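Reproduced below: final.csv, with CSV, C-alpha atoms.
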```
chain,number,residue,atom,x,y,z
D,11,MET,CA,0.0,0.0,0.0
D,12,GLU,CA,1.3,3.4,-1.0
D,13,PRO,CA,1.7,6.0,1.7
D,14,GLU,CA,-1.0,8.7,1.5
D,15,ILE,CA,-0.7,12.4,2.3
D,16,SER,CA,-3.1,15.4,1.8
D,17,SER,CA,-2.2,18.2,-0.6
D,18,GLU,CA,-3.0,20.6,2.2
D,19,LEU,CA,-0.3,19.1,4.5
D,20,LEU,CA,2.2,19.0,1.7
D,21,ALA,CA,1.5,22.6,0.7
D,22,ARG,CA,1.9,23.7,4.3
D,23,LEU,CA,5.3,21.9,4.6
D,24,LEU,CA,6.5,23.2,1.3
D,25,ARG,CA,5.6,26.8,2.2
D,26,THR,CA,7.3,26.5,5.5
D,27,ALA,CA,10.4,25.0,3.9
D,28,ASN,CA,10.5,27.7,1.2
D,29,GLU,CA,10.3,30.5,3.8
D,30,SER,CA,13.1,29.1,6.0
D,31,ALA,CA,16.9,29.7,5.7
D,32,VAL,CA,17.5,26.7,8.0
D,33,GLU,CA,16.5,23.1,7.7
D,34,ILE,CA,13.0,22.6,9.1
D,35,CYS,CA,12.3,19.2,10.6
D,36,GLY,CA,9.7,17.1,12.3
D,37,ILE,CA,7.9,13.9,12.9
D,38,LEU,CA,5.4,12.2,10.5
D,39,ARG,CA,2.5,10.6,12.3
D,40,GLY,CA,-0.6,8.7,11.2
D,41,SER,CA,-2.0,5.2,10.7
D,42,ASP,CA,-2.3,2.5,8.1
D,43,GLY,CA,0.2,4.3,5.8
D,44,ARG,CA,-1.8,7.6,5.9
D,45,ILE,CA,0.4,10.5,7.0
D,46,ILE,CA,-2.1,12.5,9.0
D,47,ALA,CA,0.2,15.0,10.8
D,48,ALA,CA,3.6,16.5,10.4
D,49,GLU,CA,4.6,17.7,13.8
D,50,PRO,CA,7.3,20.4,13.7
D,51,ALA,CA,10.3,19.9,15.9
D,52,ARG,CA,13.1,22.2,16.8
D,53,ASN,CA,16.3,21.6,14.7
D,54,VAL,CA,19.0,21.2,17.3
D,55,ALA,CA,21.9,20.6,14.8
D,56,VAL,CA,25.0,22.6,15.4
D,57,ASP,CA,24.7,24.1,11.9
D,58,PRO,CA,20.9,24.1,11.1
D,59,ALA,CA,21.5,25.8,7.8
D,60,ARG,CA,23.2,22.7,6.5
D,61,TYR,CA,22.1,19.8,8.8
D,62,PHE,CA,19.1,18.7,10.8
D,63,GLU,CA,18.7,16.9,14.1
D,64,ILE,CA,15.2,16.5,15.5
D,65,ASP,CA,15.0,17.7,19.1
D,66,PRO,CA,15.2,14.4,21.2
D,67,ALA,CA,12.5,15.8,23.6
D,68,ALA,CA,10.0,16.0,20.6
D,69,LEU,CA,11.0,12.4,19.6
D,70,PHE,CA,10.4,11.1,23.1
D,71,VAL,CA,7.0,12.8,23.4
D,72,ALA,CA,5.8,11.4,20.0
D,73,LEU,CA,7.1,7.9,20.7
D,74,ARG,CA,5.5,7.8,24.2
D,75,ASP,CA,2.2,9.1,22.8
D,76,ALA,CA,2.3,6.4,20.1
D,77,ARG,CA,2.9,3.7,22.7
D,78,ARG,CA,-0.1,5.0,24.7
D,79,GLY,CA,-2.4,4.6,21.7
D,80,GLY,CA,-1.9,7.8,19.8
D,81,MET,CA,-1.0,8.1,16.2
D,82,ALA,CA,2.0,6.0,15.1
D,83,VAL,CA,5.3,7.5,14.2
D,84,LEU,CA,5.7,6.8,10.5
D,85,GLY,CA,8.9,8.7,9.9
D,86,TRP,CA,10.5,12.1,9.7
D,87,TYR,CA,10.6,15.2,7.5
D,88,HIS,CA,13.2,17.8,6.8
D,89,SER,CA,14.2,20.4,4.2
D,90,HIS,CA,17.2,21.2,2.1
D,91,PRO,CA,17.0,25.0,1.9
D,92,SER,CA,19.5,25.3,-1.0
D,93,GLY,CA,19.2,21.8,-2.4
D,94,SER,CA,16.9,19.2,-3.8
D,95,ALA,CA,14.3,16.8,-2.3
D,96,ASP,CA,16.8,14.0,-2.6
D,97,PRO,CA,18.6,12.5,0.4
D,98,SER,CA,22.2,13.7,0.8
D,99,PRO,CA,25.2,11.5,1.8
D,100,THR,CA,24.9,13.1,5.3
D,101,ASP,CA,21.2,12.0,5.5
D,102,ALA,CA,22.3,8.5,4.5
D,103,ALA,CA,25.1,8.4,7.1
D,104,GLN,CA,22.7,9.4,9.8
D,105,ALA,CA,19.7,7.2,8.8
D,106,ALA,CA,19.0,3.8,10.4
D,107,ALA,CA,17.9,1.1,8.0
D,108,ASP,CA,14.6,0.8,9.9
D,109,GLY,CA,12.1,1.1,7.1
D,110,MET,CA,10.9,4.6,8.3
D,111,ILE,CA,9.6,7.1,5.8
D,112,TRP,CA,11.6,10.3,5.1
D,113,LEU,CA,9.8,13.2,3.5
D,114,ILE,CA,12.4,15.6,2.1
D,115,LEU,CA,11.6,19.1,0.8
D,116,GLY,CA,13.8,21.1,-1.4
D,117,GLY,CA,13.5,23.5,-4.3
D,118,GLY,CA,9.7,23.6,-4.0
D,119,THR,CA,9.5,19.8,-4.4
D,120,ALA,CA,8.5,17.1,-1.9
D,121,ARG,CA,9.6,13.4,-2.2
D,122,LEU,CA,9.2,10.4,0.0
D,123,TRP,CA,12.0,7.9,0.7
D,124,ARG,CA,12.3,4.8,2.8
D,125,ALA,CA,15.4,4.1,4.9
D,126,VAL,CA,16.6,0.6,4.1
D,127,ALA,CA,19.7,-1.5,4.0
D,128,ASP,CA,21.4,-1.4,0.6
D,129,GLY,CA,19.1,1.3,-0.7
D,130,ALA,CA,19.3,2.7,-4.3
D,131,ARG,CA,20.3,6.2,-3.1
D,132,HIS,CA,23.6,6.4,-1.1
D,133,GLY,CA,23.1,2.8,-0.1
D,134,ARG,CA,20.4,3.8,2.4
D,135,PHE,CA,17.2,5.1,0.7
D,136,ASP,CA,14.7,3.8,-1.8
D,137,PRO,CA,12.2,6.2,-3.4
D,138,VAL,CA,8.6,5.7,-2.4
D,139,ALA,CA,5.6,6.2,-4.6
D,140,PHE,CA,2.8,7.9,-2.7
D,141,THR,CA,-0.8,9.1,-3.1
D,142,VAL,CA,-1.8,12.7,-2.7
D,143,LYS,CA,-5.4,13.5,-1.7
D,144,ASP,CA,-6.9,16.9,-2.5
D,145,GLY,CA,-10.4,16.9,-1.3
D,146,GLY,CA,-12.2,14.4,-3.6
D,147,HIS,CA,-9.3,14.3,-6.1
D,148,VAL,CA,-6.6,11.6,-5.7
D,149,GLU,CA,-3.2,11.5,-7.4
D,150,LYS,CA,-1.8,8.0,-7.1
D,151,ASN,CA,1.7,6.7,-7.7
D,152,CYS,CA,3.4,10.1,-7.3
D,153,GLU,CA,7.2,10.3,-7.3
D,154,ALA,CA,7.3,14.0,-6.4
D,155,VAL,CA,5.1,16.9,-5.8
D,156,HIS,CA,6.2,20.4,-6.9
D,157,MET,CA,4.6,23.7,-5.8
D,158,ASP,CA,5.0,27.0,-7.5
D,159,ARG,CA,6.6,29.9,-5.7
D,160,ALA,CA,3.2,31.5,-5.2
D,161,GLY,CA,2.1,28.4,-3.4
D,162,ARG,CA,-1.0,28.1,-5.6
D,163,THR,CA,-0.3,25.3,-8.1
D,164,MET,CA,0.9,21.8,-7.4
D,165,THR,CA,2.2,19.5,-10.1
D,166,PHE,CA,2.7,15.8,-9.7
D,167,ALA,CA,5.5,13.7,-11.2
D,168,LYS,CA,4.5,10.0,-11.6
D,169,ALA,CA,6.7,7.1,-10.6
D,170,GLN,CA,8.3,5.3,-13.6
D,171,GLY,CA,6.1,2.6,-15.0
D,172,SER,CA,2.9,4.4,-13.9
D,173,SER,CA,-0.2,4.1,-16.0
D,174,HIS,CA,-2.2,6.6,-13.9
```
Structure rendered as structure tokens:
Amino acid sequence: MEPEISSELLARLLRTANESAVEICGILRGSDGRIIAAEPARNVAVDPARYFEIDPAALFVALRDARRGGMAVLGWYHSHPSGSADPSPTDAAQAAADGMIWLILGGGTARLWRAVADGARHGRFDPVAFTVKDGGHVEKNCEAVHMDRAGRTMTFAKAQGSSH
């Protein structure tokens, strides 16, 4: 099953990423593969303009809440203020091969990745096709979503081999 995210949530994250000179970051939460919330967290990296580190206190709160029956922690998000929505070698070096989803935002584009052993990108990440819901409209098998600078129009790149 493809992960699913709303266009409203993606637009909010892309706008926030585009407006920030430092890497934004946070925790993706939801259930059954649906990303329902993106909880912002403080970036506690030594150089937040070039790196991200989610505040451990925010991680603790989210994981404790999930254990107590709250929404599951599905993964993480962060931005590349002057880069692309692709994982960097630094991202790969810091990622555990735990199957978690990484939403990366860069250049007005959002992409999903899964942290795995022997991934296609830097030996740690595989691209993840996802579904975007916009009210009653559904875009399936997305590889990337791009939003124009005005924040009004989204375009969807389909994963290779897509017939949608």
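Atom CA of Ala47 of chain D is found 10.6 Å from atom CA of Leu23 of chain D.
With all atoms listed in the file taken into account, the protein and nucleic acid residues at most 12 Å from Ala167 of chain D (excluding it and anything under 3 positions from it in its own chain) are Thr119, Ala120, Arg121, Ala139, Phe140, Thr141, Val142, Glu149, Lys150, Asn151, Cys152, Glu153, Ala154, Val155, His156, Met157, Met164, Gln170, Gly171, Ser172 and His174 of chain D.
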I'd like the neighbourhood of segment 101-106 of chain D as a ChimeraX atom specification, where a residue qualifies if any of its atoms comes within 7 Å (using all atoms listed in the file), though same-chain residues fewer than 5 positions away should be ignored. /D:125,132,134
If you count all atoms listed in the file, the residue of D:Leu113, D:Ala95, D:Ala72, D:Val32 closest to Ile15 of chain D turns out to be D:Leu113
Neighbour residues at most 10 Å from (19.9, 17.6, 15.1) (only C-alpha atoms) as a ChimeraX atom specification: /D:33,35,51-58,61-66
Nearest to Ala31 of chain D, chosen from D:Ser98, D:Ala76, D:Arg60, D:Leu115, with all atoms listed in the file counted in the distances: D:Arg60
One decimal, Å: what's the distance from atom CA of Thr165 of chain D over to atom CA of Ala48 of chain D, could you say?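 Going from atom CA of Thr165 of chain D over to atom CA of Ala48 of chain D, I get 20.8 Å.
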Compile the contact shell of Phe135 of chain D as a ChimeraX atom specification: residues with an atom at most 6 Å away, counting all atoms listed in the file, same-chain residues fewer than 3 positions apart removed. /D:123-126,129-131
If you measure from atom CA of His90 of chain D to atom CA of Glu29 of chain D, what distance in Å do you get, rounded to one decimal? 11.7 Å
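Residues in contact with Gly145 of chain D at up to 12 Å, not including ones fewer than 2 positions away on its chain and judged by all atoms listed in the file, are D:Ile15, D:Ser16, D:Ser17, D:Glu18, D:Leu19, D:Val142, D:Lys143, D:His147, D:Val148, D:Glu149.
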Given the choices D:Asp96, D:Arg44, D:Gly109, D:Arg159, which gets closest to Thr26 of chain D if the distance is worked out from all atoms listed in the file?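 Smallest separation from Thr26 of chain D among the options: D:Arg159.
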